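The file query36.tsv contains TSV, C-alpha atoms (C1' of nucleotides):
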chain	number	residue	atom	x	y	z
A	262	MET	CA	-19.97	-0.51	-123.14
A	263	ASP	CA	-18.01	-0.02	-119.98
A	264	MET	CA	-14.38	0.88	-119.89
A	265	PRO	CA	-12.74	-2.08	-118.16
A	266	ILE	CA	-11.55	-0.45	-114.95
A	267	ARG	CA	-9.13	-2.53	-112.98
A	268	THR	CA	-10.77	-3.90	-109.85
A	269	ALA	CA	-8.90	-4.74	-106.69
A	270	ASP	CA	-8.59	-8.46	-107.35
A	271	GLN	CA	-7.02	-7.80	-110.73
A	272	VAL	CA	-4.16	-5.81	-109.26
A	273	ASP	CA	-0.82	-7.47	-109.88
A	274	LEU	CA	1.14	-7.77	-106.65
A	275	ASP	CA	3.93	-9.75	-108.27
A	276	ARG	CA	6.33	-11.12	-105.68
A	277	LEU	CA	4.79	-9.01	-102.92
A	278	ASN	CA	2.22	-11.70	-102.21
A	279	SER	CA	4.95	-13.98	-100.92
A	280	ALA	CA	6.52	-11.32	-98.74
A	281	LEU	CA	6.28	-12.22	-95.08
A	282	GLY	CA	5.95	-8.62	-93.97
A	283	PHE	CA	3.07	-7.95	-96.33
A	284	LEU	CA	1.20	-11.15	-95.51
A	285	MET	CA	1.75	-10.65	-91.82
A	286	ARG	CA	0.28	-7.18	-91.97
A	287	LEU	CA	-2.81	-8.41	-93.82
A	288	ALA	CA	-3.18	-11.23	-91.32
A	289	GLN	CA	-3.01	-8.90	-88.37
A	290	LEU	CA	-5.53	-6.52	-89.90
A	291	LYS	CA	-7.91	-9.42	-90.37
A	292	ILE	CA	-7.43	-10.55	-86.80
A	293	TYR	CA	-8.04	-7.09	-85.38
A	294	GLU	CA	-11.10	-6.54	-87.52
A	295	ARG	CA	-12.64	-9.79	-86.34
A	296	PHE	CA	-11.68	-9.02	-82.75
A	297	PHE	CA	-13.68	-5.81	-82.69
A	298	GLU	CA	-16.59	-7.39	-84.53
A	299	GLU	CA	-16.87	-10.07	-81.90
A	300	VAL	CA	-15.65	-8.57	-78.65
A	301	GLY	CA	-19.18	-7.51	-77.80
A	302	GLU	CA	-19.86	-6.75	-74.18
A	303	HIS	CA	-16.30	-7.32	-73.00
A	304	ASN	CA	-15.22	-3.82	-73.87
A	305	LEU	CA	-11.55	-4.66	-74.13
A	306	LYS	CA	-8.90	-3.89	-76.71
A	307	PRO	CA	-6.50	-6.62	-77.79
A	308	GLY	CA	-3.58	-5.02	-75.99
A	309	GLU	CA	-5.59	-4.53	-72.82
A	310	PHE	CA	-6.66	-8.14	-72.79
A	311	SER	CA	-3.14	-9.47	-73.19
A	312	VAL	CA	-1.81	-7.19	-70.47
A	313	LEU	CA	-4.56	-8.18	-68.04
A	314	TRP	CA	-4.15	-11.85	-68.90
A	315	VAL	CA	-0.43	-11.77	-68.16
A	316	ILE	CA	-0.96	-9.91	-64.87
A	317	LEU	CA	-3.56	-12.51	-63.90
A	318	HIS	CA	-0.95	-15.23	-64.36
A	319	ASN	CA	1.90	-13.21	-62.87
A	320	PRO	CA	0.50	-11.12	-60.04
A	321	GLY	CA	2.82	-8.41	-58.83
A	322	ILE	CA	4.74	-8.36	-62.11
A	323	ARG	CA	6.71	-5.20	-62.74
A	324	GLN	CA	5.73	-2.83	-65.48
A	325	SER	CA	9.11	-3.11	-67.18
A	326	VAL	CA	9.07	-6.91	-67.21
A	327	LEU	CA	5.55	-6.98	-68.55
A	328	GLY	CA	6.57	-4.62	-71.32
A	329	GLN	CA	9.64	-6.64	-72.22
A	330	ARG	CA	7.63	-9.79	-72.54
A	331	LEU	CA	4.80	-8.32	-74.55
A	332	MET	CA	7.10	-6.09	-76.56
A	333	ILE	CA	5.42	-2.92	-75.40
A	334	LYS	CA	7.65	0.10	-74.94
A	335	ARG	CA	7.90	1.69	-71.52
A	336	ALA	CA	6.35	4.96	-72.58
A	337	HIS	CA	3.34	3.18	-73.95
A	338	MET	CA	3.06	0.83	-71.00
A	339	THR	CA	2.71	3.80	-68.70
A	340	LYS	CA	-0.34	4.92	-70.63
A	341	LEU	CA	-1.85	1.45	-70.84
A	342	ILE	CA	-1.50	0.88	-67.12
A	343	ARG	CA	-2.93	4.28	-66.28
A	344	ALA	CA	-5.93	3.59	-68.49
A	345	LEU	CA	-6.49	0.26	-66.73
A	346	GLU	CA	-6.10	1.95	-63.37
A	347	ASP	CA	-8.71	4.52	-64.35
A	348	GLN	CA	-11.08	1.64	-65.06
A	349	ASN	CA	-10.24	0.22	-61.64
A	350	LEU	CA	-8.84	-2.95	-63.15
A	351	VAL	CA	-5.28	-2.87	-61.80
A	352	SER	CA	-3.51	-1.44	-58.79
A	353	ARG	CA	0.06	-0.20	-58.69
A	354	LYS	CA	2.39	-0.65	-55.74
A	355	VAL	CA	5.93	0.60	-55.35
A	356	PRO	CA	7.85	-2.28	-53.77
A	357	ASP	CA	10.04	-1.69	-50.73
A	358	GLY	CA	13.07	-3.24	-52.36
A	359	ASP	CA	13.21	-0.84	-55.33
A	360	ARG	CA	11.39	2.43	-55.15
A	361	ARG	CA	11.79	3.09	-58.89
A	362	ALA	CA	9.72	0.09	-59.83
A	363	VAL	CA	5.98	-0.52	-59.89
A	364	GLU	CA	4.30	-3.85	-59.22
A	365	ILE	CA	0.96	-4.48	-60.84
A	366	THR	CA	-1.88	-6.65	-59.64
A	367	LEU	CA	-5.46	-7.12	-60.77
A	368	THR	CA	-8.33	-5.86	-58.68
A	369	PRO	CA	-10.80	-8.58	-57.62
A	370	GLU	CA	-13.26	-7.14	-60.10
A	371	ALA	CA	-10.71	-7.49	-62.88
A	372	VAL	CA	-9.93	-11.09	-62.01
A	373	THR	CA	-13.54	-11.98	-62.67
A	374	ARG	CA	-13.74	-9.92	-65.80
A	375	VAL	CA	-10.53	-11.27	-67.29
A	376	LYS	CA	-11.53	-14.85	-66.61
A	377	GLN	CA	-14.83	-14.26	-68.35
A	378	ALA	CA	-13.22	-12.42	-71.24
A	379	SER	CA	-10.65	-15.17	-71.64
A	380	GLN	CA	-13.36	-17.72	-72.29
A	381	TRP	CA	-14.55	-15.57	-75.11
A	382	PHE	CA	-11.05	-14.71	-76.27
A	383	PHE	CA	-9.73	-18.21	-76.75
A	384	THR	CA	-12.90	-19.25	-78.49
A	385	TYR	CA	-12.55	-16.29	-80.79
A	386	GLU	CA	-8.90	-17.18	-81.35
A	387	GLU	CA	-9.99	-20.59	-82.60
A	388	SER	CA	-12.70	-19.19	-84.81
A	389	VAL	CA	-10.51	-16.58	-86.43
A	390	GLY	CA	-8.53	-19.35	-88.08
A	391	ALA	CA	-11.64	-21.12	-89.29
A	392	ASN	CA	-10.66	-21.08	-92.94
A	393	LEU	CA	-7.70	-23.26	-92.01
A	394	THR	CA	-7.97	-26.89	-90.98
A	395	GLY	CA	-7.06	-27.72	-87.40
A	396	ASP	CA	-3.73	-29.09	-88.57
A	397	GLU	CA	-2.94	-26.03	-90.58
A	398	ARG	CA	-3.84	-23.78	-87.72
A	399	GLN	CA	-1.50	-25.64	-85.44
A	400	GLN	CA	1.27	-25.61	-88.03
A	401	LEU	CA	0.83	-21.89	-88.41
A	402	THR	CA	1.12	-21.15	-84.71
A	403	ALA	CA	4.11	-23.48	-84.42
A	404	LEU	CA	5.88	-21.76	-87.30
A	405	LEU	CA	5.09	-18.34	-85.90
A	406	ARG	CA	6.40	-19.36	-82.48
A	407	LYS	CA	9.61	-20.52	-84.06
A	408	PHE	CA	9.82	-17.41	-86.22
A	409	VAL	CA	9.58	-15.06	-83.27
A	410	GLY	CA	11.76	-17.27	-81.08
A	411	LEU	CA	9.19	-18.35	-78.51
A	412	GLY	CA	9.95	-21.82	-77.14
B	157	MET	CA	21.63	-11.95	-51.36
B	158	ASP	CA	19.45	-10.79	-54.18
B	159	MET	CA	15.71	-11.02	-54.14
B	160	PRO	CA	14.83	-13.25	-57.13
B	161	ILE	CA	13.08	-10.75	-59.36
B	162	ARG	CA	11.10	-12.29	-62.18
B	163	THR	CA	12.83	-11.71	-65.50
B	164	ALA	CA	11.05	-11.44	-68.80
B	165	ASP	CA	11.66	-15.03	-69.90
B	166	GLN	CA	10.14	-16.34	-66.68
B	167	VAL	CA	6.84	-14.63	-67.28
B	168	ASP	CA	4.02	-17.11	-67.70
B	169	LEU	CA	2.02	-16.37	-70.83
B	170	ASP	CA	-0.14	-19.48	-70.45
B	171	ARG	CA	-2.29	-20.02	-73.51
B	172	LEU	CA	-1.44	-16.62	-74.92
B	173	ASN	CA	1.62	-18.02	-76.63
B	174	SER	CA	-0.57	-20.03	-78.96
B	175	ALA	CA	-2.82	-17.11	-79.78
B	176	LEU	CA	-2.61	-16.17	-83.44
B	177	GLY	CA	-3.15	-12.49	-82.77
B	178	PHE	CA	-0.38	-12.31	-80.21
B	179	LEU	CA	2.11	-14.27	-82.28
B	180	MET	CA	1.26	-12.28	-85.37
B	181	ARG	CA	1.91	-9.03	-83.57
B	182	LEU	CA	5.29	-10.22	-82.32
B	183	ALA	CA	6.17	-11.43	-85.80
B	184	GLN	CA	5.30	-8.14	-87.37
B	185	LEU	CA	7.28	-6.20	-84.79
B	186	LYS	CA	10.30	-8.35	-85.56
B	187	ILE	CA	9.89	-7.82	-89.28
B	188	TYR	CA	9.60	-4.06	-88.94
B	189	GLU	CA	12.58	-3.87	-86.62
B	190	ARG	CA	14.73	-5.76	-89.07
B	191	PHE	CA	13.43	-3.69	-91.95
B	192	PHE	CA	14.63	-0.44	-90.44
B	193	GLU	CA	17.93	-1.96	-89.36
B	194	GLU	CA	18.66	-3.00	-92.92
B	195	VAL	CA	16.93	-0.53	-95.19
B	196	GLY	CA	20.06	1.61	-95.25
B	197	GLU	CA	20.33	4.07	-98.11
B	198	HIS	CA	16.95	3.29	-99.61
B	199	ASN	CA	15.12	5.65	-97.29
B	200	LEU	CA	11.78	3.97	-97.67
B	201	LYS	CA	9.19	2.84	-95.18
B	202	PRO	CA	7.55	-0.56	-95.58
B	203	GLY	CA	4.25	0.98	-96.63
B	204	GLU	CA	5.89	3.30	-99.11
B	205	PHE	CA	7.76	0.45	-100.72
B	206	SER	CA	4.69	-1.68	-101.15
B	207	VAL	CA	2.70	1.19	-102.61
B	208	LEU	CA	5.45	2.07	-105.06
B	209	TRP	CA	5.94	-1.57	-105.99
B	210	VAL	CA	2.29	-2.03	-106.81
B	211	ILE	CA	2.17	1.17	-108.86
B	212	LEU	CA	5.24	-0.02	-110.78
B	213	HIS	CA	3.37	-3.19	-111.73
B	214	ASN	CA	0.03	-1.45	-112.28
B	215	PRO	CA	0.75	1.96	-113.80
B	216	GLY	CA	-2.21	4.29	-113.78
B	217	ILE	CA	-3.88	2.41	-110.95
B	218	ARG	CA	-6.49	4.38	-109.05
B	219	GLN	CA	-5.95	5.43	-105.50
B	220	SER	CA	-9.04	3.64	-104.29
B	221	VAL	CA	-8.13	0.35	-105.96
B	222	LEU	CA	-4.59	0.52	-104.62
B	223	GLY	CA	-5.96	1.07	-101.15
B	224	GLN	CA	-8.44	-1.78	-101.40
B	225	ARG	CA	-5.73	-4.18	-102.43
B	226	LEU	CA	-3.20	-3.14	-99.83
B	227	MET	CA	-5.84	-2.66	-97.12
B	228	ILE	CA	-5.00	1.00	-96.66
B	229	LYS	CA	-7.88	3.29	-95.80
B	230	ARG	CA	-8.73	6.14	-98.15
B	231	ALA	CA	-7.90	8.86	-95.66
B	232	HIS	CA	-4.48	7.40	-95.10
B	233	MET	CA	-3.85	6.75	-98.76
B	234	THR	CA	-4.35	10.43	-99.47
B	235	LYS	CA	-1.51	11.26	-97.11
B	236	LEU	CA	0.75	8.51	-98.39
B	237	ILE	CA	0.32	9.59	-101.98
B	238	ARG	CA	0.87	13.23	-101.12
B	239	ALA	CA	4.08	12.35	-99.29
B	240	LEU	CA	5.28	10.39	-102.33
B	241	GLU	CA	4.30	13.25	-104.59
B	242	ASP	CA	6.30	15.66	-102.42
B	243	GLN	CA	9.31	13.41	-102.95
B	244	ASN	CA	8.62	13.52	-106.69
B	245	LEU	CA	8.08	9.77	-106.85
B	246	VAL	CA	4.54	9.64	-108.19
B	247	SER	CA	2.27	11.79	-110.32
B	248	ARG	CA	-1.47	12.08	-110.08
B	249	LYS	CA	-3.83	12.44	-113.01
B	250	VAL	CA	-7.59	12.85	-113.02
B	251	PRO	CA	-8.88	10.61	-115.81
B	252	ASP	CA	-11.36	11.92	-118.37
B	253	GLY	CA	-13.79	9.09	-117.76
B	254	ASP	CA	-14.32	9.79	-114.07
B	255	ARG	CA	-13.38	13.14	-112.68
B	256	ARG	CA	-13.67	12.00	-109.05
B	257	ALA	CA	-10.85	9.49	-109.42
B	258	VAL	CA	-7.08	9.85	-109.44
B	259	GLU	CA	-4.72	7.70	-111.46
B	260	ILE	CA	-1.21	7.23	-110.12
B	261	THR	CA	1.98	6.56	-112.00
B	262	LEU	CA	5.64	6.48	-111.01
B	263	THR	CA	8.00	9.18	-112.15
B	264	PRO	CA	10.97	7.87	-114.19
B	265	GLU	CA	13.17	8.60	-111.19
B	266	ALA	CA	10.95	6.44	-109.01
B	267	VAL	CA	10.97	3.55	-111.47
B	268	THR	CA	14.73	3.32	-111.07
B	269	ARG	CA	14.61	3.72	-107.34
B	270	VAL	CA	11.91	1.15	-106.80
B	271	LYS	CA	13.67	-1.39	-108.97
B	272	GLN	CA	16.84	-0.92	-106.98
B	273	ALA	CA	15.03	-1.00	-103.65
B	274	SER	CA	13.19	-4.15	-104.69
B	275	GLN	CA	16.44	-6.03	-105.14
B	276	TRP	CA	17.29	-5.17	-101.58
B	277	PHE	CA	13.75	-5.78	-100.35
B	278	PHE	CA	13.29	-9.30	-101.59
B	279	THR	CA	16.73	-10.26	-100.33
B	280	TYR	CA	15.82	-8.83	-96.96
B	281	GLU	CA	12.53	-10.70	-97.06
B	282	GLU	CA	14.44	-13.96	-97.43
B	283	SER	CA	16.87	-13.12	-94.68
B	284	VAL	CA	14.22	-12.12	-92.18
B	285	GLY	CA	13.04	-15.71	-92.09
B	286	ALA	CA	16.54	-17.07	-91.62
B	287	ASN	CA	15.76	-18.92	-88.41
B	288	LEU	CA	13.35	-21.05	-90.39
B	289	THR	CA	14.38	-23.64	-92.93
B	290	GLY	CA	13.50	-22.96	-96.56
B	291	ASP	CA	10.64	-25.43	-96.33
B	292	GLU	CA	9.27	-23.90	-93.18
B	293	ARG	CA	9.46	-20.43	-94.65
B	294	GLN	CA	7.49	-21.54	-97.66
B	295	GLN	CA	4.93	-23.33	-95.50
B	296	LEU	CA	4.54	-20.19	-93.44
B	297	THR	CA	3.88	-17.94	-96.43
B	298	ALA	CA	1.49	-20.51	-97.90
B	299	LEU	CA	-0.45	-20.74	-94.65
B	300	LEU	CA	-0.55	-16.97	-94.31
B	301	ARG	CA	-1.78	-16.60	-97.88
B	302	LYS	CA	-4.54	-19.07	-97.17
B	303	PHE	CA	-5.34	-17.41	-93.86
B	304	VAL	CA	-5.80	-13.99	-95.41
B	305	GLY	CA	-7.56	-15.40	-98.46
B	306	LEU	CA	-4.97	-14.58	-101.09
B	307	GLY	CA	-5.22	-17.22	-103.80
C	74	DC	C1'	-34.71	13.43	-117.34
C	75	DA	C1'	-34.26	14.66	-112.29
C	76	DA	C1'	-33.95	13.42	-107.53
C	77	DA	C1'	-31.73	10.04	-104.51
C	78	DA	C1'	-28.10	7.23	-103.42
C	79	DT	C1'	-23.24	5.88	-104.11
C	80	DT	C1'	-18.41	6.52	-105.03
C	81	DT	C1'	-14.03	9.04	-104.68
C	82	DG	C1'	-10.96	11.75	-102.55
C	83	DT	C1'	-9.93	15.27	-99.03
C	84	DT	C1'	-10.02	17.51	-94.59
C	85	DT	C1'	-10.27	17.68	-89.63
C	86	DA	C1'	-10.15	15.66	-85.29
C	87	DC	C1'	-8.48	11.90	-82.72
C	88	DA	C1'	-6.27	7.35	-80.94
C	89	DA	C1'	-2.29	4.20	-80.75
C	90	DA	C1'	2.46	3.71	-80.39
C	91	DG	C1'	7.29	5.14	-80.41
C	92	DA	C1'	11.54	8.40	-79.52
C	93	DA	C1'	13.86	11.38	-76.80
C	94	DA	C1'	14.58	13.98	-72.73
C	95	DC	C1'	14.02	13.94	-67.88
C	96	DA	C1'	13.81	12.81	-62.67
C	97	DA	C1'	14.27	9.55	-59.22
C	98	DT	C1'	16.44	5.69	-57.57
C	99	DC	C1'	19.64	2.08	-57.50
C	100	DT	C1'	24.24	-0.35	-58.49
C	101	DC	C1'	28.98	-0.51	-59.11
C	102	DC	C1'	33.41	0.63	-58.12
C	103	DC	C1'	37.15	3.55	-56.32
D	283	DG	C1'	30.97	6.46	-48.24
D	284	DG	C1'	30.42	8.87	-52.56
D	285	DG	C1'	30.41	9.79	-57.33
D	286	DA	C1'	29.63	7.60	-62.24
D	287	DG	C1'	26.70	5.11	-64.67
D	288	DA	C1'	22.52	2.18	-65.24
D	289	DT	C1'	17.56	1.28	-64.56
D	290	DT	C1'	12.64	2.57	-64.04
D	291	DG	C1'	8.96	5.13	-64.97
D	292	DT	C1'	6.99	9.48	-66.65
D	293	DT	C1'	6.35	13.41	-69.68
D	294	DT	C1'	6.38	15.70	-74.13
D	295	DC	C1'	6.58	15.56	-78.98
D	296	DT	C1'	6.12	13.18	-83.26
D	297	DT	C1'	4.54	9.58	-86.44
D	298	DT	C1'	1.21	6.41	-88.18
D	299	DG	C1'	-3.23	5.26	-88.94
D	300	DT	C1'	-8.43	5.60	-88.29
D	301	DA	C1'	-13.20	7.79	-88.04
D	302	DA	C1'	-16.39	11.06	-89.30
D	303	DA	C1'	-17.95	14.89	-91.89
D	304	DC	C1'	-17.67	16.91	-96.24
D	305	DA	C1'	-17.55	18.22	-101.47
D	306	DA	C1'	-17.62	16.85	-106.02
D	307	DA	C1'	-18.78	13.69	-109.46
D	308	DT	C1'	-21.15	9.60	-110.96
D	309	DT	C1'	-24.75	6.02	-111.04
D	310	DT	C1'	-29.28	4.44	-110.05
D	311	DT	C1'	-34.02	4.67	-110.20
D	312	DG	C1'	-38.58	6.33	-110.37
Is it possible to give me this structure as structure tokens?
Amino acid sequence: MDMPIRTADQVDLDRLNSALGFLMRLAQLKIYERFFEEVGEHNLKPGEFSVLWVILHNPGIRQSVLGQRLMIKRAHMTKLIRALEDQNLVSRKVPDGDRRAVEITLTPEAVTRVKQASQWFFTYEESVGANLTGDERQQLTALLRKFVGLG
Amino acid sequence: MDMPIRTADQVDLDRLNSALGFLMRLAQLKIYERFFEEVGEHNLKPGEFSVLWVILHNPGIRQSVLGQRLMIKRAHMTKLIRALEDQNLVSRKVPDGDRRAVEITLTPEAVTRVKQASQWFFTYEESVGANLTGDERQQLTALLRKFVGLG
DNA sequence: CAAAATTTGTTTACAAAGAAACAATCTCCC
DNA sequence: GGGAGATTGTTTCTTTGTAAACAAATTTTG
């Protein structure tokens, strides 16, 4: 004769389960969790991968511009870049034209590693939406792109 | 004769701009930013509001169950609840049936405050998706609910 | 029933990310 | 040209959240 203790799936969220902010947070937690489950040998964090990926496609990009595009604050970008430098994945160069700035490029080693990791990453990205149909997945990314104002 | 420095909107993201994880992060950043711009007098953080809202609808809920449902880890829940207790918004009671557990209820003061804040919150939640049509907004929440596995 | 394993919450130590203050450099404008 | 203000990156401090170790209570199981 158990007391009927409320279990998690009996909790009443009321209107909260239609709240974009709440759903978005749950979605991101799920994505991160899966990322770390599957990242395996690549030894990268999500933020590191995206930073390296963007440098690969925009060699010599400035720290500030990188941060603006990825919505990473300057203070945090400094730490990210230093961590990548410590792993010998990026090199920093102060350009002649503006001695405040720093231009970032990948080391040859990193180019290889990022290309390999990207094969995994975009496969993972597909698989993380596996409980959606292909159409739904595409709708979702399209809506998110519109929501955040990306093309 | 300016050197053409790459600006943020010229940065090539390549396939990253279809990556769910990336888009989701941007979306959440936007939502949080707007939240703090508009929260005004309510003096609540997103997490605090959701916790209080769920306690309002599930009085006497246990800390662990609350955390499971909102995906908040136990260690962090302890701090959240203590902060709310310090503000005299919740009270904790160890139930007779299980002296490890803690049951949480809102103080009368909090009931009023949460109800008021919720009127603001759900209005804000609508407005944050204002660059989507009503249909798109509803599609987005439906897809997110499916993605995270919420009925 | 008693030992072993699990659950619940807390504490402590730590990692990720932002805010504010700062130094160096650059731009603008007189 | 030279000072006022803006930009760039760094440093320091704080906030938010997690991980791991722990204590107390409960459940399981032999």
- [ ] Please provide as a list of chain:residue names all residues within 10 Å of DC304 (chain D), with the sequence filter that same-chain residues fewer than 3 positions apart are discarded (counting only C-alpha atoms (C1' of nucleotides)).
- [x] C:DT83, C:DT84, C:DT85
Task: Residues of chain B within 10 Å of chain C, only C-alpha atoms (C1' of nucleotides) counted, as a PyMOL selection string - done: chain B and resi 218-220+230-231+233-235+254-258
After a least-squares superposition on chain B using every in-order C-alpha pair, I'd like chain A written out as a compact mmCIF listing (two decimals) with C-alpha atoms, keeping the file's coordinate frame.
# COMPACT_ATOMS: atom_id res chain seq x y z
CA MET A 262 21.77 -12.55 -51.67
CA ASP A 263 19.57 -11.16 -54.37
CA MET A 264 15.83 -11.19 -54.25
CA PRO A 265 14.83 -13.35 -57.21
CA ILE A 266 13.11 -10.78 -59.40
CA ARG A 267 11.13 -12.25 -62.23
CA THR A 268 12.86 -11.64 -65.55
CA ALA A 269 11.06 -11.37 -68.84
CA ASP A 270 11.67 -14.95 -69.95
CA GLN A 271 10.18 -16.27 -66.73
CA VAL A 272 6.86 -14.56 -67.30
CA ASP A 273 4.04 -17.05 -67.68
CA LEU A 274 2.02 -16.31 -70.80
CA ASP A 275 -0.14 -19.40 -70.40
CA ARG A 276 -2.29 -19.97 -73.46
CA LEU A 277 -1.45 -16.55 -74.89
CA ASN A 278 1.63 -17.95 -76.59
CA SER A 279 -0.56 -19.97 -78.92
CA ALA A 280 -2.83 -17.06 -79.75
CA LEU A 281 -2.60 -16.14 -83.40
CA GLY A 282 -3.18 -12.46 -82.75
CA PHE A 283 -0.40 -12.27 -80.19
CA LEU A 284 2.11 -14.22 -82.25
CA MET A 285 1.25 -12.26 -85.35
CA ARG A 286 1.87 -8.99 -83.57
CA LEU A 287 5.27 -10.16 -82.30
CA ALA A 288 6.14 -11.38 -85.78
CA GLN A 289 5.26 -8.08 -87.37
CA LEU A 290 7.24 -6.13 -84.79
CA LYS A 291 10.26 -8.29 -85.55
CA ILE A 292 9.85 -7.77 -89.27
CA TYR A 293 9.55 -4.00 -88.94
CA GLU A 294 12.52 -3.78 -86.61
CA ARG A 295 14.70 -5.69 -89.04
CA PHE A 296 13.38 -3.63 -91.95
CA PHE A 297 14.57 -0.37 -90.45
CA GLU A 298 17.87 -1.88 -89.36
CA GLU A 299 18.62 -2.94 -92.89
CA VAL A 300 16.90 -0.47 -95.18
CA GLY A 301 20.03 1.65 -95.26
CA GLU A 302 20.31 4.09 -98.11
CA HIS A 303 16.91 3.30 -99.61
CA ASN A 304 15.10 5.67 -97.32
CA LEU A 305 11.75 3.98 -97.67
CA LYS A 306 9.14 2.86 -95.17
CA PRO A 307 7.51 -0.54 -95.58
CA GLY A 308 4.20 0.97 -96.62
CA GLU A 309 5.86 3.29 -99.11
CA PHE A 310 7.74 0.44 -100.71
CA SER A 311 4.65 -1.71 -101.14
CA VAL A 312 2.67 1.17 -102.61
CA LEU A 313 5.43 2.05 -105.07
CA TRP A 314 5.94 -1.59 -105.98
CA VAL A 315 2.27 -2.06 -106.81
CA ILE A 316 2.16 1.15 -108.88
CA LEU A 317 5.23 -0.05 -110.77
CA HIS A 318 3.36 -3.21 -111.73
CA ASN A 319 0.04 -1.46 -112.30
CA PRO A 320 0.75 1.94 -113.81
CA GLY A 321 -2.21 4.28 -113.79
CA ILE A 322 -3.89 2.40 -110.95
CA ARG A 323 -6.51 4.38 -109.08
CA GLN A 324 -5.95 5.41 -105.52
CA SER A 325 -9.07 3.62 -104.31
CA VAL A 326 -8.14 0.34 -106.00
CA LEU A 327 -4.63 0.50 -104.64
CA GLY A 328 -6.01 1.04 -101.16
CA GLN A 329 -8.47 -1.82 -101.44
CA ARG A 330 -5.77 -4.21 -102.47
CA LEU A 331 -3.25 -3.19 -99.86
CA MET A 332 -5.88 -2.71 -97.19
CA ILE A 333 -5.06 0.94 -96.70
CA LYS A 334 -7.95 3.23 -95.87
CA ARG A 335 -8.76 6.08 -98.22
CA ALA A 336 -7.96 8.78 -95.71
CA HIS A 337 -4.54 7.34 -95.13
CA MET A 338 -3.89 6.70 -98.80
CA THR A 339 -4.38 10.38 -99.49
CA LYS A 340 -1.57 11.19 -97.10
CA LEU A 341 0.72 8.46 -98.39
CA ILE A 342 0.30 9.56 -101.98
CA ARG A 343 0.85 13.20 -101.12
CA ALA A 344 4.05 12.31 -99.29
CA LEU A 345 5.26 10.37 -102.33
CA GLU A 346 4.30 13.24 -104.59
CA ASP A 347 6.29 15.63 -102.41
CA GLN A 348 9.30 13.38 -102.94
CA ASN A 349 8.62 13.50 -106.68
CA LEU A 350 8.09 9.76 -106.84
CA VAL A 351 4.54 9.61 -108.20
CA SER A 352 2.31 11.78 -110.34
CA ARG A 353 -1.45 12.06 -110.07
CA LYS A 354 -3.77 12.46 -113.03
CA VAL A 355 -7.52 12.88 -113.01
CA PRO A 356 -8.81 10.66 -115.82
CA ASP A 357 -11.25 12.03 -118.38
CA GLY A 358 -13.73 9.25 -117.80
CA ASP A 359 -14.26 9.95 -114.08
CA ARG A 360 -13.26 13.28 -112.66
CA ARG A 361 -13.59 12.07 -109.06
CA ALA A 362 -10.83 9.54 -109.46
CA VAL A 363 -7.05 9.86 -109.47
CA GLU A 364 -4.68 7.69 -111.47
CA ILE A 365 -1.20 7.19 -110.13
CA THR A 366 1.99 6.53 -112.02
CA LEU A 367 5.64 6.45 -111.02
CA THR A 368 8.02 9.15 -112.16
CA PRO A 369 10.99 7.86 -114.19
CA GLU A 370 13.18 8.55 -111.20
CA ALA A 371 10.95 6.41 -109.02
CA VAL A 372 10.98 3.51 -111.46
CA THR A 373 14.73 3.29 -111.07
CA ARG A 374 14.62 3.70 -107.34
CA VAL A 375 11.91 1.12 -106.80
CA LYS A 376 13.67 -1.43 -108.97
CA GLN A 377 16.84 -0.93 -106.97
CA ALA A 378 15.01 -1.02 -103.65
CA SER A 379 13.18 -4.17 -104.68
CA GLN A 380 16.44 -6.03 -105.10
CA TRP A 381 17.26 -5.17 -101.55
CA PHE A 382 13.73 -5.77 -100.32
CA PHE A 383 13.29 -9.31 -101.54
CA THR A 384 16.71 -10.25 -100.29
CA TYR A 385 15.81 -8.81 -96.92
CA GLU A 386 12.51 -10.68 -97.03
CA GLU A 387 14.43 -13.93 -97.39
CA SER A 388 16.86 -13.09 -94.64
CA VAL A 389 14.22 -12.08 -92.14
CA GLY A 390 13.04 -15.67 -92.03
CA ALA A 391 16.54 -17.02 -91.57
CA ASN A 392 15.79 -18.85 -88.36
CA LEU A 393 13.37 -21.00 -90.33
CA THR A 394 14.42 -23.61 -92.87
CA GLY A 395 13.52 -22.92 -96.49
CA ASP A 396 10.68 -25.41 -96.25
CA GLU A 397 9.31 -23.86 -93.12
CA ARG A 398 9.50 -20.42 -94.60
CA GLN A 399 7.53 -21.54 -97.60
CA GLN A 400 4.98 -23.33 -95.44
CA LEU A 401 4.56 -20.19 -93.40
CA THR A 402 3.90 -17.96 -96.38
CA ALA A 403 1.52 -20.53 -97.85
CA LEU A 404 -0.43 -20.76 -94.61
CA LEU A 405 -0.54 -17.00 -94.27
CA ARG A 406 -1.77 -16.64 -97.85
CA LYS A 407 -4.53 -19.10 -97.14
CA PHE A 408 -5.33 -17.45 -93.83
CA VAL A 409 -5.82 -14.04 -95.39
CA GLY A 410 -7.54 -15.46 -98.45
CA LEU A 411 -4.94 -14.64 -101.09
CA GLY A 412 -4.95 -17.19 -103.91
Open item on the list: So that I can check the surroundings of region 395-399 of chain A, please list as a count of residues only every protein, DNA and RNA residue that reaches within 10 Å of it, counting only C-alpha atoms (C1' of nucleotides) and ignoring chain neighbours fewer than 2 positions away.
Closed with: 18
Open item on the list: Quick check, in Å to one decimal: how far apart do CA of Thr268 (chain A) and CA of Val250 (chain B) lie?
Closed with: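 According to the coordinates, CA of Thr268 (chain A) and CA of Val250 (chain B) are separated by 17.3 Å.
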Can you list every residue of chain B that has an atom at most 6 Å from chain A, with its nearest atom pair and the distance in Å to one decimal, using only C-alpha atoms, ordered by chain then number, as JSON lines?
{"residue": "B:Ala164", "atom": "CA", "partner": "A:Val326", "partner_atom": "CA", "distance": 5.2}
{"residue": "B:Leu169", "atom": "CA", "partner": "A:Val315", "partner_atom": "CA", "distance": 5.9}
{"residue": "B:Ala183", "atom": "CA", "partner": "A:Val409", "partner_atom": "CA", "distance": 5.6}
{"residue": "B:Val210", "atom": "CA", "partner": "A:Leu274", "partner_atom": "CA", "distance": 5.9}
{"residue": "B:Val221", "atom": "CA", "partner": "A:Ala269", "partner_atom": "CA", "distance": 5.2}
{"residue": "B:Arg225", "atom": "CA", "partner": "A:Ala269", "partner_atom": "CA", "distance": 5.3}
{"residue": "B:Val304", "atom": "CA", "partner": "A:Ala288", "partner_atom": "CA", "distance": 5.6}
